[in-house]
Protein chains: 2
Amino acid sequence: MAIVVREPLAKGVAFAALFTGEKSPRRFSRWAKVPTLALCAVLVPALAGGADWSEQQLATAGALRDRALSGTSAYEHVTSLVTEVGPRSAGSSGDPAAVRWALNKLANLGFSHVRSQDVLVPRWVRGHAEVALAGPTSQSLVAVALGGSVGTSDEGVEAQVLEVASLDALNALPAATVGGKIVFINQRMERTRDGAGYGAAVRNRTEGPSAAGHLGAAALLIRSVGTSEQRHAHTGSINYRVDAPRIPALSLSNPDADQLARWLKPGKPVRLRVKSTARELPATWSANVIGEIPGTERANEIVLLGAHLDSWDLGQGAIDDGAGVAIVIEAARLIGRLERKPARTVRVVLFANEEFGLSGAREYARLVGDEAARHVIAAEADLGAGAVWRIRSQVAPEAVPAVDAIREALKPLALEAGDNEGRGGPDLGPLRALGVPVLDLAQDATNYFDVHHTVNDTLAQIDSKTLNQVVAAYAVATYMAASKSGDFGRLPAQEQQQR
Amino acid sequence: MAIVVREPLAKGVAFAALFTGEKSPRRFSRWAKVPTLALCAVLVPALAGGADWSEQQLATAGALRDRALSGTSAYEHVTSLVTEVGPRSAGSSGDPAAVRWALNKLANLGFSHVRSQDVLVPRWVRGHAEVALAGPTSQSLVAVALGGSVGTSDEGVEAQVLEVASLDALNALPAATVGGKIVFINQRMERTRDGAGYGAAVRNRTEGPSAAGHLGAAALLIRSVGTSEQRHAHTGSINYRVDAPRIPALSLSNPDADQLARWLKPGKPVRLRVKSTARELPATWSANVIGEIPGTERANEIVLLGAHLDSWDLGQGAIDDGAGVAIVIEAARLIGRLERKPARTVRVVLFANEEFGLSGAREYARLVGDEAARHVIAAEADLGAGAVWRIRSQVAPEAVPAVDAIREALKPLALEAGDNEGRGGPDLGPLRALGVPVLDLAQDATNYFDVHHTVNDTLAQIDSKTLNQVVAAYAVATYMAASKSGDFGRLPAQEQQQR
């Protein structure tokens, strides 16, 4: 996963009058101004519930759940991807290897209409980074370049460090204070189950480089947007603004950010040397990989299961997003083995280059054309390998009871009910903007940001039994979505958002 | 700590007749053939206990214990060392910085006779290491050169990998099988409280390079001698034999060793590229740093508290052995603040270059001369920052009850009674060989080898409260040893052991 920052509230024309205009944790909040009587008229039959699925279908859902809980091949899939391909950042040698792997894997597992969709991707090369105290002893800090950062000159940058507590604190400083310095944003990410701490801290990474560059800084260092006390620095993409100089941007592992903070504490000037050979190369081609479990009566309607095929270069790409790839492949595969398939087609889309610009997701939405209206609902697995603990959604209000029914079918998993403001995963943004409803099978992210975007993203971080639980949730939700008699409505049309 | 391999049983002349000749977990085992009556004659008064310390002294020990448990400055000391000096491998720029730090720290804390003792140390430079699959995709493995390893040529080594389960399995192979290959010793270290798993696996590191070189291997890779599933490779010194070619030797982090094992599993040839710029530079000078809390009635008798000042280059040297340095400084400092000081002198010795050849320990013993006989007992803190859980010793049999009395004075810590075959820490080997008894305040090593000798050896791994517990144990044991009316006898004289 690259981005979980909350997007600004969508402000499409057709549904604008329905918005409350403020965030609310209550369900239906975005439809709160729908006249009450009209809403009730829609809800009453839906809340009754039984109309959406036959008894046989609900029994099939239960059997699918129990089957998955008792064991799946998901761990084998991610092991295969990590072992045979490994890191696969956009444009790297691992990227086409991952596309080949996915095409072969889907075909070998019996998916239909297995195909790729060419995607032009940017190509950034990390090179080598060094951050060290400019002094008599050779104390160096564990640092990595942030994704998309420019490098330094061969001599590197040597300058005094200016510590700030947050991006907002940086933005409040005058250029005279910042100019020529190495800015250090020392904000610690909070550990939370839903990953909200990431959203709060990740702006340092995405917006920090241009904020510092705009004020004349020589370089930017941020404390890793991660929760681990291990010595692994966290990478991830940055957004350079067009109106600010591009300066080198790197992140320090938490223990190294601690060390730098201790050096700064006495208040005497601290000078660092920063070198980075990061650079951008010409764009190149990657691909989305697609495979399907064909539906029966309504095969032209699509339930989309997404994950992203690329990873950052540092780790093995096991939890981000090898786990997601394995989860959606396995959930769809289990549905494909049912004696009685669901009415709708289950389409697995393994998106290209999520991490460095959502290239595959944008291209998929650009090409989807008339098919957009036939995407009944979509879900993406891109939050690691933790257990599902909550279901959120973003569906039409009358379909919310169907989400409750899915939760009911997963009762042994004791999932919490979330709100109806789910995002469904980063690659689904462009589809949401086209009105496609989404389902969030929220995975426990308590430990995810210990590993996410670091060299430590390896297979050792995945527990196969937990992965089976996630597959169970995805398989049941997907089967029920693909079998449901009615649909999930449409989301308010939005202008396609640039990130 | 560098080495916890069990040494061969000492076989000095004078005490040879007393040895059982085999290992035994029972206390007194090494003296088991002492005539029973003679032993009882010695033991009876000692077991009575009270003769060694006055009531007032025992009360002082208890107060010292409680004082330390309620809070010490040990965490400040290690923070200061890690922040102001950081990594300090023998001959690096951090090494003289550490010596200066220690001289200043001991002087500022009020130690007497603060001085250094010049020590010639070897100098090895890690350089940069790369281990990667020789194939179309750029899969690389996290690896570090082992301490003392030669590097590769600029082109590196590219060869097929030969996996073996252990050093013994390697030694059983014919040269025809091994010749030209990159040997991979894939033995996992067991996690144990007493660190015994390290002793079992570390031979792969110390003896593996020459074992593989002797059979014609092109290079050696070992699975890290460490228990972490994080992606940190473990370094540590190797012993090249004079009768084998010196080949490059590196270790892989556990997740990377797993990855290599998965590549090898199908049985097809796997080729790796290995590059390393490790090299040896001319020897240079470091120093032992010494400071004392002078005794009163018997100030010419010495209780030695040791730790080592050097660290490996990869981490900050927090747990190995910044923690030990802080523990012994603080334990001695607390004794120095007592109203009524103990009879004997407490001498803190911060040894140079433990990690890469015990240079400081050997030099200390070489220079100790007649003073050796006046070293009443010695203890070293070199097993990280875990709590003390057991007391072992190697003292004359008649002094074992005194060790029990020390344990009794530490009753709130609920320490287990260990045997009388303790080693006392790696730097005490040369002193033991001269007959100096040792005390082992065994720290819990369950998690120590997750961090030991890796880049992850940072201050974040130390808990200040636990460190206080260790200081309490050292302070009480040291005070009681320095106050005891009798001594701890002498160990059998040994020939000075290499390593």
# chains A, B, ... in the order shown; residues from 1 in each chain; ligands from 1

$ closest_atom_pairs --of "chain B" --to "chain A" --cutoff "7 Å" --atoms "only C-alpha atoms" --output "tab-separated table"
residue	atom	partner	partner_atom	distance
B:Thr83	CA	A:Gln259	CA	6.4
B:Gly86	CA	A:Gln139	CA	6.3
B:Pro87	CA	A:Gln139	CA	6.9
B:Ser93	CA	A:Thr137	CA	5.2
B:Gly94	CA	A:Thr137	CA	5.5
B:Thr137	CA	A:Ser93	CA	5.2
B:Ser138	CA	A:Ser93	CA	6.3
B:Gln139	CA	A:Gly86	CA	6.3
B:Glu229	CA	A:Ala460	CA	6.4
B:Gln230	CA	A:Asn456	CA	6.2
B:Arg231	CA	A:Asn456	CA	5.3
B:Pro255	CA	A:Ala460	CA	6.2
B:Gln259	CA	A:Thr83	CA	6.5
B:Arg262	CA	A:Thr83	CA	6.7
B:Trp263	CA	A:Thr83	CA	6.7
B:Val455	CA	A:Arg231	CA	6.9
B:Asn456	CA	A:Arg231	CA	5.3
B:Thr458	CA	A:Pro255	CA	6.7
B:Ala460	CA	A:Pro255	CA	6.2

$ write_last_selection --atoms "all heavy atoms" --output "short mmCIF file (atom, residue, chain, number, x, y, z; two decimals), in the first residue's frame"
data_model
loop_
_atom_site.label_atom_id
_atom_site.label_comp_id
_atom_site.auth_asym_id
_atom_site.auth_seq_id
_atom_site.Cartn_x
_atom_site.Cartn_y
_atom_site.Cartn_z
N THR B 83 25.80 7.87 21.99
CA THR B 83 25.52 9.14 21.32
C THR B 83 26.81 9.86 20.94
O THR B 83 26.96 10.35 19.82
CB THR B 83 24.68 10.05 22.24
OG1 THR B 83 23.52 9.33 22.66
CG2 THR B 83 24.26 11.32 21.53
N GLY B 86 29.39 6.14 19.55
CA GLY B 86 28.78 5.21 18.59
C GLY B 86 29.70 4.04 18.30
O GLY B 86 30.43 3.58 19.17
N PRO B 87 29.70 3.55 17.06
CA PRO B 87 30.48 2.35 16.74
C PRO B 87 31.97 2.60 16.96
O PRO B 87 32.46 3.71 16.72
CB PRO B 87 30.16 2.08 15.28
CG PRO B 87 29.48 3.30 14.76
CD PRO B 87 28.91 4.03 15.93
N SER B 93 37.97 5.15 13.68
CA SER B 93 38.02 6.48 14.29
C SER B 93 37.24 6.51 15.60
O SER B 93 37.51 7.34 16.47
CB SER B 93 37.46 7.53 13.32
OG SER B 93 36.09 7.25 13.06
N GLY B 94 36.27 5.60 15.76
CA GLY B 94 35.52 5.55 17.00
C GLY B 94 36.31 4.97 18.17
O GLY B 94 35.95 5.18 19.34
N THR B 137 16.95 -11.57 -13.05
CA THR B 137 16.36 -10.58 -12.16
C THR B 137 17.37 -10.18 -11.09
O THR B 137 18.30 -10.93 -10.80
CB THR B 137 15.09 -11.11 -11.46
OG1 THR B 137 15.45 -12.22 -10.64
CG2 THR B 137 14.06 -11.56 -12.47
N SER B 138 17.17 -9.01 -10.51
CA SER B 138 18.17 -8.48 -9.59
C SER B 138 17.81 -8.79 -8.15
O SER B 138 17.51 -7.91 -7.38
CB SER B 138 18.29 -6.97 -9.78
OG SER B 138 17.07 -6.35 -9.42
N GLN B 139 17.78 -10.05 -7.81
CA GLN B 139 17.50 -10.42 -6.43
C GLN B 139 18.79 -10.41 -5.64
O GLN B 139 19.70 -11.19 -5.94
CB GLN B 139 16.87 -11.81 -6.38
CG GLN B 139 15.46 -11.84 -6.91
CD GLN B 139 14.57 -12.71 -6.01
OE1 GLN B 139 14.54 -12.53 -4.81
NE2 GLN B 139 13.87 -13.63 -6.60
N GLU B 229 14.34 -12.95 13.15
CA GLU B 229 13.71 -13.08 11.84
C GLU B 229 13.69 -11.74 11.11
O GLU B 229 13.07 -11.61 10.05
CB GLU B 229 12.29 -13.64 11.97
CG GLU B 229 12.25 -15.08 12.45
CD GLU B 229 13.07 -16.02 11.56
OE1 GLU B 229 12.95 -15.93 10.33
OE2 GLU B 229 13.87 -16.81 12.12
N GLN B 230 14.31 -10.72 11.70
CA GLN B 230 14.47 -9.45 11.02
C GLN B 230 15.61 -9.58 10.01
O GLN B 230 16.42 -10.49 10.09
CB GLN B 230 14.80 -8.34 12.03
CG GLN B 230 13.89 -8.29 13.23
CD GLN B 230 12.53 -7.72 12.90
OE1 GLN B 230 12.41 -6.83 12.08
NE2 GLN B 230 11.49 -8.26 13.52
N ARG B 231 15.66 -8.61 9.12
CA ARG B 231 16.62 -8.74 8.03
C ARG B 231 17.94 -8.06 8.37
O ARG B 231 18.33 -7.05 7.75
CB ARG B 231 16.01 -8.15 6.77
CG ARG B 231 16.53 -8.85 5.52
CD ARG B 231 15.72 -8.49 4.33
NE ARG B 231 16.25 -9.11 3.13
CZ ARG B 231 15.89 -8.76 1.92
NH1 ARG B 231 15.00 -7.80 1.75
NH2 ARG B 231 16.41 -9.37 0.87
N PRO B 255 16.18 -14.27 7.19
CA PRO B 255 15.24 -14.30 6.06
C PRO B 255 15.95 -14.49 4.71
O PRO B 255 15.37 -15.08 3.80
CB PRO B 255 14.56 -12.92 6.12
CG PRO B 255 14.68 -12.49 7.54
CD PRO B 255 15.99 -13.05 8.00
N GLN B 259 15.60 -17.50 1.99
CA GLN B 259 15.37 -17.27 0.56
C GLN B 259 16.34 -18.12 -0.27
O GLN B 259 15.93 -18.79 -1.22
CB GLN B 259 15.55 -15.78 0.26
CG GLN B 259 15.38 -15.38 -1.20
CD GLN B 259 13.91 -15.20 -1.61
OE1 GLN B 259 13.02 -15.91 -1.13
NE2 GLN B 259 13.67 -14.27 -2.50
N ARG B 262 15.25 -21.60 -0.27
CA ARG B 262 14.12 -21.84 -1.18
C ARG B 262 14.58 -21.91 -2.63
O ARG B 262 14.05 -22.68 -3.42
CB ARG B 262 13.06 -20.74 -1.00
CG ARG B 262 12.25 -20.87 0.28
CD ARG B 262 11.02 -19.94 0.26
NE ARG B 262 11.38 -18.54 0.21
CZ ARG B 262 11.53 -17.75 1.28
NH1 ARG B 262 11.34 -18.22 2.51
NH2 ARG B 262 11.85 -16.49 1.12
N TRP B 263 15.57 -21.08 -2.98
CA TRP B 263 16.10 -21.15 -4.34
C TRP B 263 16.73 -22.52 -4.62
O TRP B 263 16.67 -23.04 -5.73
CB TRP B 263 17.16 -20.06 -4.58
CG TRP B 263 16.61 -18.66 -4.63
CD1 TRP B 263 15.31 -18.28 -4.86
CD2 TRP B 263 17.34 -17.45 -4.44
NE1 TRP B 263 15.20 -16.91 -4.82
CE2 TRP B 263 16.43 -16.37 -4.57
CE3 TRP B 263 18.68 -17.15 -4.18
CZ2 TRP B 263 16.81 -15.03 -4.45
CZ3 TRP B 263 19.06 -15.82 -4.06
CH2 TRP B 263 18.14 -14.77 -4.19
N VAL B 455 23.62 -4.55 12.74
CA VAL B 455 23.35 -3.11 12.62
C VAL B 455 22.28 -2.68 13.62
O VAL B 455 22.16 -1.50 13.96
CB VAL B 455 22.92 -2.81 11.17
CG1 VAL B 455 21.56 -3.39 10.86
CG2 VAL B 455 22.96 -1.33 10.85
N ASN B 456 21.53 -3.63 14.11
CA ASN B 456 20.40 -3.34 14.99
C ASN B 456 20.79 -3.21 16.46
O ASN B 456 19.92 -3.07 17.32
CB ASN B 456 19.35 -4.44 14.83
CG ASN B 456 17.96 -3.96 15.17
OD1 ASN B 456 17.66 -2.78 15.02
ND2 ASN B 456 17.13 -4.86 15.63
N THR B 458 21.32 -1.12 18.87
CA THR B 458 21.11 0.30 19.16
C THR B 458 20.55 0.49 20.56
O THR B 458 20.07 -0.46 21.19
CB THR B 458 20.12 0.96 18.18
OG1 THR B 458 18.79 0.49 18.50
CG2 THR B 458 20.46 0.64 16.74
N ALA B 460 17.83 1.60 21.36
CA ALA B 460 16.41 1.23 21.42
C ALA B 460 16.21 -0.17 21.98
O ALA B 460 15.11 -0.53 22.38
CB ALA B 460 15.79 1.32 20.02
#

$ select_by_dssp --residues "region 228-462 of chain A" --states "strand (DSSP E or B)" --output "ChimeraX atom specification"
/A:237,249-252,271-276,279-293,298-308,344-351,375-380,388-394,416-417,438-443

$ residues_around --residues "region 362-373 of chain A" --least-positions-apart "6" --cutoff "7 Å" --atoms "only C-alpha atoms" --output "mmCIF file with C-alpha atoms, in the first residue's frame"
data_model
loop_
_atom_site.group_PDB
_atom_site.id
_atom_site.type_symbol
_atom_site.label_atom_id
_atom_site.label_comp_id
_atom_site.auth_asym_id
_atom_site.auth_seq_id
_atom_site.Cartn_x
_atom_site.Cartn_y
_atom_site.Cartn_z
ATOM 1 C CA VAL A 119 1.000 0.233 -18.666
ATOM 2 C CA PRO A 430 -10.002 5.752 -10.138
ATOM 3 C CA LEU A 431 -12.846 3.193 -10.213
ATOM 4 C CA LEU A 434 -16.369 6.297 -11.917
#

$ atom_distance --atom1 "CA of Ala396 (chain A)" --atom2 "CA of Gly489 (chain A)"
4.9 Å

$ select_by_dssp --residues "region 357-475 of chain A" --states "alpha helix (DSSP H)" --output "ChimeraX atom specification"
/A:359-368,400-409,429-433,464-475

$ write_last_selection --atoms "C-alpha atoms" --output "CSV table (one decimal), in the first residue's frame"
chain,number,residue,atom,x,y,z
A,359,SER,CA,0.0,3.8,-13.0
A,360,GLY,CA,-1.9,0.5,-13.4
A,361,ALA,CA,-5.0,1.6,-11.6
A,362,ARG,CA,-5.3,4.8,-13.8
A,363,GLU,CA,-4.7,2.9,-17.0
A,364,TYR,CA,-7.3,0.2,-16.0
A,365,ALA,CA,-9.9,3.0,-15.3
A,366,ARG,CA,-8.9,4.8,-18.5
A,367,LEU,CA,-9.6,1.7,-20.6
A,368,VAL,CA,-12.6,0.4,-18.7
A,400,VAL,CA,-25.6,-1.4,3.4
A,401,PRO,CA,-27.7,-4.2,4.8
A,402,ALA,CA,-26.1,-6.5,2.3
A,403,VAL,CA,-22.7,-5.6,3.7
A,404,ASP,CA,-24.1,-6.6,7.1
A,405,ALA,CA,-25.2,-9.9,5.7
A,406,ILE,CA,-21.7,-10.6,4.4
A,407,ARG,CA,-20.5,-9.8,8.0
A,408,GLU,CA,-23.1,-12.2,9.3
A,409,ALA,CA,-21.9,-14.9,6.9
A,429,GLY,CA,-9.6,5.3,-6.4
A,430,PRO,CA,-10.0,5.8,-10.1
A,431,LEU,CA,-12.8,3.2,-10.2
A,432,ARG,CA,-14.6,4.8,-7.3
A,433,ALA,CA,-14.4,8.1,-9.2
A,464,SER,CA,0.0,-18.8,6.9
A,465,LYS,CA,-2.9,-19.4,9.2
A,466,THR,CA,-3.7,-15.7,9.5
A,467,LEU,CA,-3.5,-15.5,5.7
A,468,ASN,CA,-6.2,-18.2,5.5
A,469,GLN,CA,-8.5,-16.1,7.6
A,470,VAL,CA,-8.1,-13.2,5.2
A,471,VAL,CA,-8.8,-15.5,2.3
A,472,ALA,CA,-11.9,-16.7,4.0
A,473,ALA,CA,-13.2,-13.2,4.3
A,474,TYR,CA,-12.4,-12.3,0.7
A,475,ALA,CA,-13.8,-15.5,-0.7

$ atom_distance --atom1 "CA of Gly147 (chain B)" --atom2 "CA of Arg115 (chain B)"
29.0 Å

$ residues_around --residues "Leu281 (chain A)" --least-positions-apart "5" --cutoff "10 Å" --atoms "only C-alpha atoms" --output "short mmCIF file (atom, residue, chain, number, x, y, z; two decimals) with C-alpha atoms, in the first residue's frame"
data_model
loop_
_atom_site.label_atom_id
_atom_site.label_comp_id
_atom_site.auth_asym_id
_atom_site.auth_seq_id
_atom_site.Cartn_x
_atom_site.Cartn_y
_atom_site.Cartn_z
CA GLY A 91 10.62 -0.60 -14.38
CA PRO A 122 7.98 5.81 -14.44
CA ARG A 123 11.33 4.40 -13.46
CA TRP A 124 13.28 5.56 -10.48
CA VAL A 125 16.50 4.02 -9.25
#

$ residues_around --residues "Arg392 (chain B)" --least-positions-apart "6" --cutoff "6 Å" --atoms "only C-alpha atoms" --output "VMD selection string"
chain B and resid 418 to 420 422 440

$ closest_atom_pairs --of "region 334-402 of chain B" --to "region 180-201 of chain B" --cutoff "12 Å" --atoms "only C-alpha atoms" --output "JSON lines"
{"residue": "B:Asp382", "atom": "CA", "partner": "B:Gly195", "partner_atom": "CA", "distance": 12.0}
{"residue": "B:Leu383", "atom": "CA", "partner": "B:Gly195", "partner_atom": "CA", "distance": 8.9}
{"residue": "B:Gly384", "atom": "CA", "partner": "B:Gly195", "partner_atom": "CA", "distance": 11.2}
{"residue": "B:Gly386", "atom": "CA", "partner": "B:Arg193", "partner_atom": "CA", "distance": 10.0}
{"residue": "B:Ala387", "atom": "CA", "partner": "B:Arg193", "partner_atom": "CA", "distance": 10.7}
{"residue": "B:Val388", "atom": "CA", "partner": "B:Asp194", "partner_atom": "CA", "distance": 10.6}
{"residue": "B:Trp389", "atom": "CA", "partner": "B:Arg193", "partner_atom": "CA", "distance": 9.2}
{"residue": "B:Arg390", "atom": "CA", "partner": "B:Asp194", "partner_atom": "CA", "distance": 9.3}
{"residue": "B:Ile391", "atom": "CA", "partner": "B:Asp194", "partner_atom": "CA", "distance": 11.4}
{"residue": "B:Arg392", "atom": "CA", "partner": "B:Asp194", "partner_atom": "CA", "distance": 11.4}

$ residues_around --residues "Gly156 (chain A)" --least-positions-apart "3" --cutoff "6 Å" --atoms "only C-alpha atoms" --output "PDB file with N, CA and C atoms, in the first residue's frame"
ATOM      1  N   THR A 152      22.068  13.547  -4.785  1.00  0.00           N
ATOM      2  CA  THR A 152      22.929  14.696  -4.519  1.00  0.00           C
ATOM      3  C   THR A 152      24.014  14.736  -5.598  1.00  0.00           C
ATOM      4  N   SER A 153      24.827  15.769  -5.591  1.00  0.00           N
ATOM      5  CA  SER A 153      26.025  15.764  -6.424  1.00  0.00           C
ATOM      6  C   SER A 153      26.966  14.688  -5.879  1.00  0.00           C
ATOM      7  N   VAL A 274      25.261  14.264   3.528  1.00  0.00           N
ATOM      8  CA  VAL A 274      24.254  13.425   2.879  1.00  0.00           C
ATOM      9  C   VAL A 274      24.697  13.180   1.441  1.00  0.00           C
ATOM     10  N   LYS A 275      24.741  11.903   1.081  1.00  0.00           N
ATOM     11  CA  LYS A 275      25.016  11.548  -0.317  1.00  0.00           C
ATOM     12  C   LYS A 275      23.948  10.595  -0.787  1.00  0.00           C
TER      13      LYS A 275
END

$ residues_around --residues "region 345-352 of chain A" --least-positions-apart "5" --cutoff "9 Å" --atoms "only C-alpha atoms" --output "ChimeraX atom specification"
/A:90,95,99,102,118-119,121,286-296,298-310,325,328-329,332,335-336,358-361,364,427,478-479,482

$ write_last_selection --atoms "C-alpha atoms" --output "mmCIF file, in the first residue's frame"
data_model
loop_
_atom_site.group_PDB
_atom_site.id
_atom_site.type_symbol
_atom_site.label_atom_id
_atom_site.label_comp_id
_atom_site.auth_asym_id
_atom_site.auth_seq_id
_atom_site.Cartn_x
_atom_site.Cartn_y
_atom_site.Cartn_z
ATOM 1 C CA ALA A 90 8.207 -0.314 -11.490
ATOM 2 C CA ASP A 95 8.784 -5.940 -12.877
ATOM 3 C CA VAL A 99 4.136 -9.922 -14.967
ATOM 4 C CA ALA A 102 1.329 -13.625 -12.729
ATOM 5 C CA ASP A 118 0.224 -2.579 -21.063
ATOM 6 C CA VAL A 119 1.000 0.233 -18.666
ATOM 7 C CA VAL A 121 5.473 3.313 -15.757
ATOM 8 C CA SER A 286 4.877 -2.771 -17.323
ATOM 9 C CA ALA A 287 1.429 -4.353 -17.312
ATOM 10 C CA ASN A 288 -1.679 -5.040 -15.308
ATOM 11 C CA VAL A 289 -2.387 -8.762 -15.214
ATOM 12 C CA ILE A 290 -6.014 -9.906 -15.333
ATOM 13 C CA GLY A 291 -7.740 -13.234 -14.940
ATOM 14 C CA GLU A 292 -11.342 -14.234 -14.405
ATOM 15 C CA ILE A 293 -13.658 -16.786 -12.870
ATOM 16 C CA PRO A 294 -16.531 -16.493 -15.351
ATOM 17 C CA GLY A 295 -20.019 -15.946 -13.991
ATOM 18 C CA THR A 296 -23.145 -17.770 -15.046
ATOM 19 C CA ARG A 298 -24.895 -12.442 -15.379
ATOM 20 C CA ALA A 299 -21.382 -13.082 -16.575
ATOM 21 C CA ASN A 300 -21.113 -9.599 -18.051
ATOM 22 C CA GLU A 301 -21.329 -8.106 -14.559
ATOM 23 C CA ILE A 302 -18.042 -7.926 -12.695
ATOM 24 C CA VAL A 303 -16.926 -8.191 -9.090
ATOM 25 C CA LEU A 304 -13.373 -6.914 -9.085
ATOM 26 C CA LEU A 305 -10.709 -8.226 -6.724
ATOM 27 C CA GLY A 306 -7.552 -6.149 -6.826
ATOM 28 C CA ALA A 307 -4.025 -6.214 -5.454
ATOM 29 C CA HIS A 308 -0.847 -4.714 -6.806
ATOM 30 C CA LEU A 309 1.893 -6.672 -8.441
ATOM 31 C CA ASP A 310 4.722 -4.207 -7.931
ATOM 32 C CA VAL A 325 -1.809 -10.873 -4.601
ATOM 33 C CA VAL A 328 -7.174 -12.353 -4.106
ATOM 34 C CA ILE A 329 -5.849 -15.093 -6.366
ATOM 35 C CA ALA A 332 -11.084 -16.281 -6.615
ATOM 36 C CA ILE A 335 -14.801 -19.667 -5.927
ATOM 37 C CA GLY A 336 -13.767 -21.139 -9.274
ATOM 38 C CA LEU A 358 -0.907 4.208 -9.330
ATOM 39 C CA SER A 359 -0.048 3.806 -13.026
ATOM 40 C CA GLY A 360 -1.888 0.509 -13.447
ATOM 41 C CA ALA A 361 -5.020 1.645 -11.632
ATOM 42 C CA TYR A 364 -7.308 0.239 -16.007
ATOM 43 C CA ASP A 427 -5.856 1.160 -6.708
ATOM 44 C CA THR A 478 -16.650 -11.977 -3.213
ATOM 45 C CA TYR A 479 -18.908 -14.971 -3.606
ATOM 46 C CA ALA A 482 -21.140 -12.070 -7.179
#

$ atom_distance --atom1 "CA of Glu416 (chain B)" --atom2 "CA of Ala343 (chain B)"
27.9 Å
